[in-house]
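**Q** Just one file: final35.cif, with mmCIF, C-alpha atoms.
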```
data_target
loop_
_atom_site.group_PDB
_atom_site.id
_atom_site.type_symbol
_atom_site.label_atom_id
_atom_site.label_comp_id
_atom_site.auth_asym_id
_atom_site.auth_seq_id
_atom_site.Cartn_x
_atom_site.Cartn_y
_atom_site.Cartn_z
ATOM 1 C CA MET A 387 123.940 109.042 144.472
ATOM 2 C CA PRO A 388 121.147 109.829 141.979
ATOM 3 C CA PRO A 389 118.473 112.296 143.050
ATOM 4 C CA THR A 390 115.115 111.136 144.357
ATOM 5 C CA ARG A 391 111.661 112.250 143.266
ATOM 6 C CA ARG A 392 111.345 114.050 146.618
ATOM 7 C CA SER A 393 114.613 115.960 146.167
ATOM 8 C CA LEU A 394 113.600 117.042 142.648
ATOM 9 C CA LEU A 395 110.132 118.062 143.868
ATOM 10 C CA THR A 396 111.673 120.034 146.745
ATOM 11 C CA THR A 397 113.968 121.803 144.287
ATOM 12 C CA PHE A 398 111.046 122.517 141.948
ATOM 13 C CA LEU A 399 108.932 123.945 144.772
ATOM 14 C CA ALA A 400 111.804 126.235 145.778
ATOM 15 C CA ILE A 401 112.040 127.848 142.325
ATOM 16 C CA PRO A 402 111.061 131.524 142.436
ATOM 17 C CA ALA A 403 108.291 132.785 140.199
ATOM 18 C CA LEU A 404 110.399 134.567 137.580
ATOM 19 C CA PRO A 405 112.001 134.245 135.137
ATOM 20 C CA ILE A 406 110.068 131.154 134.029
ATOM 21 C CA THR A 407 111.840 130.909 130.678
ATOM 22 C CA THR A 408 115.191 130.254 132.344
ATOM 23 C CA LEU A 409 114.167 127.606 134.889
ATOM 24 C CA ARG A 410 116.727 124.971 135.723
ATOM 25 C CA LEU A 411 116.397 122.272 138.364
ATOM 26 C CA ALA A 412 119.582 121.755 140.337
ATOM 27 C CA SER A 413 120.751 120.740 143.784
ATOM 28 C CA ALA A 414 123.932 120.103 145.682
ATOM 29 C CA GLN A 415 123.857 116.523 144.315
ATOM 30 C CA GLN A 416 124.128 117.760 140.714
ATOM 31 C CA VAL A 417 120.651 116.779 139.569
ATOM 32 C CA PRO A 418 120.525 116.081 135.824
ATOM 33 C CA MET A 419 119.004 118.963 133.876
ATOM 34 C CA LEU A 420 115.524 118.424 132.494
ATOM 35 C CA PRO A 421 115.048 119.743 128.985
ATOM 36 C CA ARG A 422 112.285 122.318 128.606
ATOM 37 C CA THR A 423 108.913 121.257 127.338
ATOM 38 C CA PRO A 424 107.475 123.189 124.408
ATOM 39 C CA ALA A 425 106.036 126.166 126.262
ATOM 40 C CA CYS A 426 105.630 129.900 126.125
ATOM 41 C CA GLY A 427 108.541 131.674 124.528
ATOM 42 C CA ASP A 428 108.954 128.872 121.981
ATOM 43 C CA HIS A 429 106.459 130.496 119.608
ATOM 44 C CA ASP A 430 104.228 127.442 119.862
ATOM 45 C CA GLY A 431 101.238 129.342 121.259
ATOM 46 C CA LEU A 432 98.742 127.805 123.623
ATOM 47 C CA THR A 433 98.968 124.203 124.817
ATOM 48 C CA LEU A 434 97.253 121.901 122.341
ATOM 49 C CA ALA A 435 93.767 120.677 123.301
ATOM 50 C CA ARG A 436 92.784 117.010 123.130
ATOM 51 C CA GLU A 437 89.536 115.213 123.834
ATOM 52 C CA ALA A 438 88.638 114.188 127.375
ATOM 53 C CA GLY A 439 87.624 110.679 126.363
ATOM 54 C CA PRO A 440 84.702 108.770 127.854
ATOM 55 C CA TYR A 441 86.109 108.380 131.380
ATOM 56 C CA TYR A 442 86.112 111.949 132.728
ATOM 57 C CA LYS A 443 84.268 112.336 136.072
ATOM 58 C CA PRO A 444 83.578 115.725 137.665
ATOM 59 C CA LYS A 445 84.197 116.436 141.355
ATOM 60 C CA ALA A 446 87.496 114.569 141.704
ATOM 61 C CA PRO A 447 89.013 115.082 145.168
ATOM 62 C CA LEU A 448 91.425 117.893 145.986
ATOM 63 C CA ARG A 449 94.824 116.163 146.381
ATOM 64 C CA HIS A 450 98.391 115.884 145.104
ATOM 65 C CA GLU A 451 99.054 112.296 146.147
ATOM 66 C CA LEU A 452 97.516 109.603 143.906
ATOM 67 C CA PHE A 453 100.120 106.838 144.295
ATOM 68 C CA GLY A 454 98.241 105.245 147.205
ATOM 69 C CA ASP A 455 95.406 104.406 144.806
ATOM 70 C CA SER A 456 97.655 101.937 142.953
ATOM 71 C CA PRO A 457 100.666 101.161 145.177
ATOM 72 C CA GLY A 458 101.958 98.392 142.891
ATOM 73 C CA GLY A 459 102.484 100.793 139.993
ATOM 74 C CA GLU A 460 105.749 102.464 138.987
ATOM 75 C CA ARG A 461 106.011 105.787 140.827
ATOM 76 C CA ILE A 462 106.280 109.104 139.072
ATOM 77 C CA THR A 463 106.011 112.714 140.185
ATOM 78 C CA ILE A 464 104.840 115.128 137.503
ATOM 79 C CA VAL A 465 105.222 118.874 137.926
ATOM 80 C CA GLY A 466 104.923 122.084 135.992
ATOM 81 C CA PHE A 467 103.633 125.613 135.767
ATOM 82 C CA VAL A 468 100.467 127.130 134.369
ATOM 83 C CA LEU A 469 101.564 130.142 132.318
ATOM 84 C CA GLY A 470 99.944 132.825 130.213
ATOM 85 C CA GLU A 471 101.067 133.544 126.653
ATOM 86 C CA ASP A 472 103.241 136.285 128.167
ATOM 87 C CA CYS A 473 105.171 133.542 130.063
ATOM 88 C CA ARG A 474 103.953 134.816 133.431
ATOM 89 C CA PRO A 475 102.762 132.215 135.948
ATOM 90 C CA ILE A 476 99.055 132.086 136.725
ATOM 91 C CA GLY A 477 98.226 131.337 140.365
ATOM 92 C CA ASN A 478 94.988 129.730 141.525
ATOM 93 C CA SER A 479 94.543 127.840 138.233
ATOM 94 C CA LEU A 480 92.685 124.534 138.335
ATOM 95 C CA VAL A 481 94.666 121.443 137.277
ATOM 96 C CA GLU A 482 92.773 118.150 137.161
ATOM 97 C CA ILE A 483 94.154 114.700 136.280
ATOM 98 C CA TRP A 484 92.790 111.205 135.619
ATOM 99 C CA HIS A 485 94.365 108.093 134.128
ATOM 100 C CA VAL A 486 94.395 104.291 134.041
ATOM 101 C CA ASP A 487 95.950 102.076 136.685
ATOM 102 C CA LYS A 488 98.812 99.584 136.290
ATOM 103 C CA ASN A 489 96.398 97.167 134.567
ATOM 104 C CA GLY A 490 95.064 99.672 132.033
ATOM 105 C CA ASP A 491 91.717 100.234 133.772
ATOM 106 C CA TYR A 492 89.963 103.510 134.604
ATOM 107 C CA ASP A 493 88.038 103.696 137.878
ATOM 108 C CA ALA A 494 84.414 104.093 136.776
ATOM 109 C CA GLU A 495 82.957 103.728 140.280
ATOM 110 C CA GLY A 496 85.064 106.026 142.437
ATOM 111 C CA PHE A 497 88.000 108.413 142.235
ATOM 112 C CA ARG A 498 91.079 106.190 142.134
ATOM 113 C CA LEU A 499 93.863 107.919 140.186
ATOM 114 C CA ARG A 500 91.774 111.071 139.877
ATOM 115 C CA GLY A 501 92.391 114.381 141.561
ATOM 116 C CA HIS A 502 92.531 118.119 141.234
ATOM 117 C CA GLN A 503 94.436 121.007 142.752
ATOM 118 C CA PHE A 504 94.982 124.722 142.336
ATOM 119 C CA THR A 505 98.321 126.218 141.389
ATOM 120 C CA ASP A 506 100.165 128.176 144.039
ATOM 121 C CA ASP A 507 100.892 131.909 143.797
ATOM 122 C CA VAL A 508 103.657 131.292 141.258
ATOM 123 C CA GLY A 509 101.644 128.929 139.055
ATOM 124 C CA ARG A 510 103.152 125.603 140.196
ATOM 125 C CA TRP A 511 101.269 122.300 140.177
ATOM 126 C CA TRP A 512 102.347 118.694 140.929
ATOM 127 C CA PHE A 513 100.991 115.164 141.326
ATOM 128 C CA SER A 514 102.623 112.035 142.742
ATOM 129 C CA THR A 515 101.094 109.079 140.909
ATOM 130 C CA ILE A 516 101.978 106.040 138.797
ATOM 131 C CA ILE A 517 102.956 105.544 135.190
ATOM 132 C CA PRO A 518 99.741 104.467 133.447
ATOM 133 C CA ALA A 519 99.615 101.112 131.688
ATOM 134 C CA LEU A 520 99.052 100.651 128.002
ATOM 135 C CA TYR A 521 95.613 99.553 126.867
ATOM 136 C CA PRO A 522 94.215 98.596 123.448
ATOM 137 C CA GLY A 523 94.303 101.372 120.875
ATOM 138 C CA ARG A 524 96.175 103.961 122.963
ATOM 139 C CA THR A 525 99.704 104.877 123.912
ATOM 140 C CA ARG A 526 100.658 105.709 127.511
ATOM 141 C CA HIS A 527 99.064 109.035 128.572
ATOM 142 C CA TYR A 528 97.471 111.218 131.246
ATOM 143 C CA HIS A 529 94.252 113.187 130.835
ATOM 144 C CA LEU A 530 94.253 116.726 132.237
ATOM 145 C CA ARG A 531 91.994 119.747 132.431
ATOM 146 C CA VAL A 532 93.505 123.164 133.130
ATOM 147 C CA GLN A 533 91.642 126.396 133.746
ATOM 148 C CA ARG A 534 93.062 129.787 134.642
ATOM 149 C CA PRO A 535 90.787 131.893 136.911
ATOM 150 C CA GLY A 536 87.873 133.086 134.799
ATOM 151 C CA GLY A 537 89.243 131.469 131.628
ATOM 152 C CA PRO A 538 88.071 128.648 129.383
ATOM 153 C CA VAL A 539 88.873 125.027 130.253
ATOM 154 C CA LEU A 540 91.760 123.403 128.379
ATOM 155 C CA THR A 541 91.260 119.640 128.104
ATOM 156 C CA THR A 542 94.366 117.823 126.925
ATOM 157 C CA GLN A 543 96.535 114.731 127.282
ATOM 158 C CA LEU A 544 100.220 114.345 128.129
ATOM 159 C CA PHE A 545 102.362 111.622 126.601
ATOM 160 C CA PHE A 546 105.591 109.767 127.370
ATOM 161 C CA PRO A 547 108.671 110.033 125.152
ATOM 162 C CA HIS A 548 110.055 107.011 123.275
ATOM 163 C CA GLU A 549 106.830 104.997 123.459
ATOM 164 C CA PRO A 550 106.481 102.613 120.483
ATOM 165 C CA ARG A 551 102.752 103.362 120.187
ATOM 166 C CA ASN A 552 103.074 107.164 120.118
ATOM 167 C CA GLU A 553 103.118 107.571 116.351
ATOM 168 C CA ARG A 554 100.107 105.261 115.895
ATOM 169 C CA ASP A 555 97.959 107.053 118.501
ATOM 170 C CA TYR A 556 95.634 109.506 116.724
ATOM 171 C CA LEU A 557 95.699 111.905 119.715
ATOM 172 C CA TYR A 558 99.479 111.945 120.147
ATOM 173 C CA SER A 559 101.417 115.152 119.544
ATOM 174 C CA GLU A 560 105.104 115.758 120.184
ATOM 175 C CA SER A 561 104.140 119.131 121.676
ATOM 176 C CA LEU A 562 102.404 117.254 124.518
ATOM 177 C CA LEU A 563 105.397 115.158 125.604
ATOM 178 C CA LEU A 564 106.408 115.120 129.243
ATOM 179 C CA ASP A 565 110.099 115.657 129.951
ATOM 180 C CA ILE A 566 110.984 112.524 131.934
ATOM 181 C CA SER A 567 114.060 111.715 133.985
ATOM 182 C CA SER A 568 114.826 108.687 136.134
ATOM 183 C CA THR A 569 115.488 109.050 139.837
ATOM 184 C CA ALA A 570 116.620 106.671 142.562
ATOM 185 C CA ASP A 571 112.978 105.930 143.447
ATOM 186 C CA GLY A 572 110.955 106.281 140.252
ATOM 187 C CA LYS A 573 110.454 108.816 137.491
ATOM 188 C CA PHE A 574 110.123 112.603 137.475
ATOM 189 C CA GLY A 575 108.289 114.436 134.701
ATOM 190 C CA ARG A 576 107.701 118.069 133.791
ATOM 191 C CA PHE A 577 105.238 119.933 131.587
ATOM 192 C CA ASP A 578 104.273 123.628 131.544
ATOM 193 C CA PHE A 579 100.768 124.508 130.360
ATOM 194 C CA VAL A 580 100.260 127.718 128.403
ATOM 195 C CA VAL A 581 96.644 128.903 128.644
#
```
Would you write out, as structure tokens, the structure that this file holds?
**A**
Amino acid sequence: MPPTRRSLLTTFLAIPALPITTLRLASAQQVPMLPRTPACGDHDGLTLAREAGPYYKPKAPLRHELFGDSPGGERITIVGFVLGEDCRPIGNSLVEIWHVDKNGDYDAEGFRLRGHQFTDDVGRWWFSTIIPALYPGRTRHYHLRVQRPGGPVLTTQLFFPHEPRNERDYLYSESLLLDISSTADGKFGRFDFVV
């Protein structure tokens, strides 16, 4: 039986803090390995910044679970670490997300599909949400802001692999691709921020 998003998230949350550069997700059900995102140790430096776009709203609620805001969308759980250039995890870092719904619309009135959280002691973050729809002029993406305690804010976007519009999107970068795998109940993605 293929793994579920919950089983992969449980495995991810059980990973000890170090060594980050040798992380592998596995379980008794032989979960498929997720390839590593470009991250610290790959000599790529800090995570690439991208513009916030016109739809950023401050004061998004503190929460991990966004799926309830758009229950008809395709489920995905996205996870990762916030790391320093030395590859050490950074706890208590802010991670904020916002994106379009299944129809390609941003919520301009409230906080649907918007949230923030703080990484745990070993730098982990995660959101359960939906795969955003395409809309004119853009490929599929998430907007995120990441800030280590006392550090500058990184504003960026994460993209999906194998999207036909990726190469035509002026903000797309291969270094900002999520690692995506399919599960029995949706998708599971991973990206580690280096700040």
**Q** May I ask which of the residues A:Lys488, A:Arg500, A:His527, A:Arg474 is the closest one to A:Phe579, counting all atoms listed in the file?
**A**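 Result for the nearest residue to A:Phe579: A:Arg474.
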**Q** Using only C-alpha atoms, collect all residues at a distance of at most 9 Å from (89.1, 118.6, 121.5) as written in the file, then present them as a ChimeraX atom specification.
**A** /A:434-438,540-542
**Q** Report the centre and edge lengths, in Å to one decimal, of an axis-aligned box enclosing every atom of stretch 523-536 of chain A listed in the file, padded by 5 Å on each side, as AutoDock Vina command-line options.
**A**
```
--center_x 94.3 --center_y 117.2 --center_z 128.9 --size_x 22.8 --size_y 41.7 --size_z 26.0
```
**Q** Counting all atoms listed in the file, select every polymer residue within 9 Å of (94.7, 120.2, 137.9) as defined in the file's coordinates, and provide the selection as a ChimeraX atom specification.
**A** /A:479-483,501-505,511-513,530-533
**Q** Counting all atoms listed in the file, which residue out of A:Thr525, A:Asn478, A:Ser393, A:Asn489 sits closest to A:Val508?
**A**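 Distance minimum relative to A:Val508 lands on A:Asn478.
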**Q** Which is closer to A:Gly572 than all the others in A:Leu557, A:Ala446, A:Leu395, A:Ile516, using all atoms listed in the file?
**A**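 The answer is A:Ile516, which sits nearest to A:Gly572.
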**Q** One decimal, Å: what's the distance from atom CA of A:Glu460 over to atom CA of A:Arg510, could you say?
**A**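 Atom-to-atom, atom CA of A:Glu460 and atom CA of A:Arg510 are spaced 23.3 Å apart.
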**Q** Could you work out how far atom CA of A:Gly458 lies from atom CA of A:Tyr441, giving the answer in Å with one decimal?
**A**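 It comes out at 22.0 Å.
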**Q** Give me the residues near A:Gly454 as a ChimeraX atom specification, where near means some atom within 10 Å (using all atoms listed in the file) and where sequence neighbours in that chain fewer than 6 positions away do not count.
**A** /A:498-499,514-516
**Q** On this structure, which residues satisfy the PyMOL selection byres ((chain A and resi 574) around 8), written as a compact mmCIF listing (two decimals) with C-alpha atoms, in the coordinates of the input?
**A**
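Written file, expr.txt:
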```
# COMPACT_ATOMS: atom_id res chain seq x y z
CA ARG A 391 111.66 112.25 143.27
CA LEU A 394 113.60 117.04 142.65
CA ILE A 462 106.28 109.10 139.07
CA THR A 463 106.01 112.71 140.18
CA ILE A 464 104.84 115.13 137.50
CA VAL A 465 105.22 118.87 137.93
CA ILE A 566 110.98 112.52 131.93
CA SER A 567 114.06 111.72 133.99
CA SER A 568 114.83 108.69 136.13
CA THR A 569 115.49 109.05 139.84
CA GLY A 572 110.96 106.28 140.25
CA LYS A 573 110.45 108.82 137.49
CA GLY A 575 108.29 114.44 134.70
CA ARG A 576 107.70 118.07 133.79
```
**Q** Pick from A:Tyr521, A:Phe467, A:Phe497, A:Phe398: nearest to A:Leu448, with only C-alpha atoms counted?
**A**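 Between A:Tyr521, A:Phe467, A:Phe497, A:Phe398, the residue approaching A:Leu448 most closely is A:Phe497.
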**Q** Go through A:Glu471, A:Asp578, A:Asp493, A:Asp506 one by one, measure the shortest atom-to-atom distance of each to A:Pro440 using only C-alpha atoms, and give the residue with the smallest value.
**A** A:Asp493
**Q** Can you work out which one of A:Trp484, A:Ile517, A:Asn552, A:Val539 has the shortest atom-to-atom distance to A:His450, counting all atoms listed in the file?
**A** A:Trp484
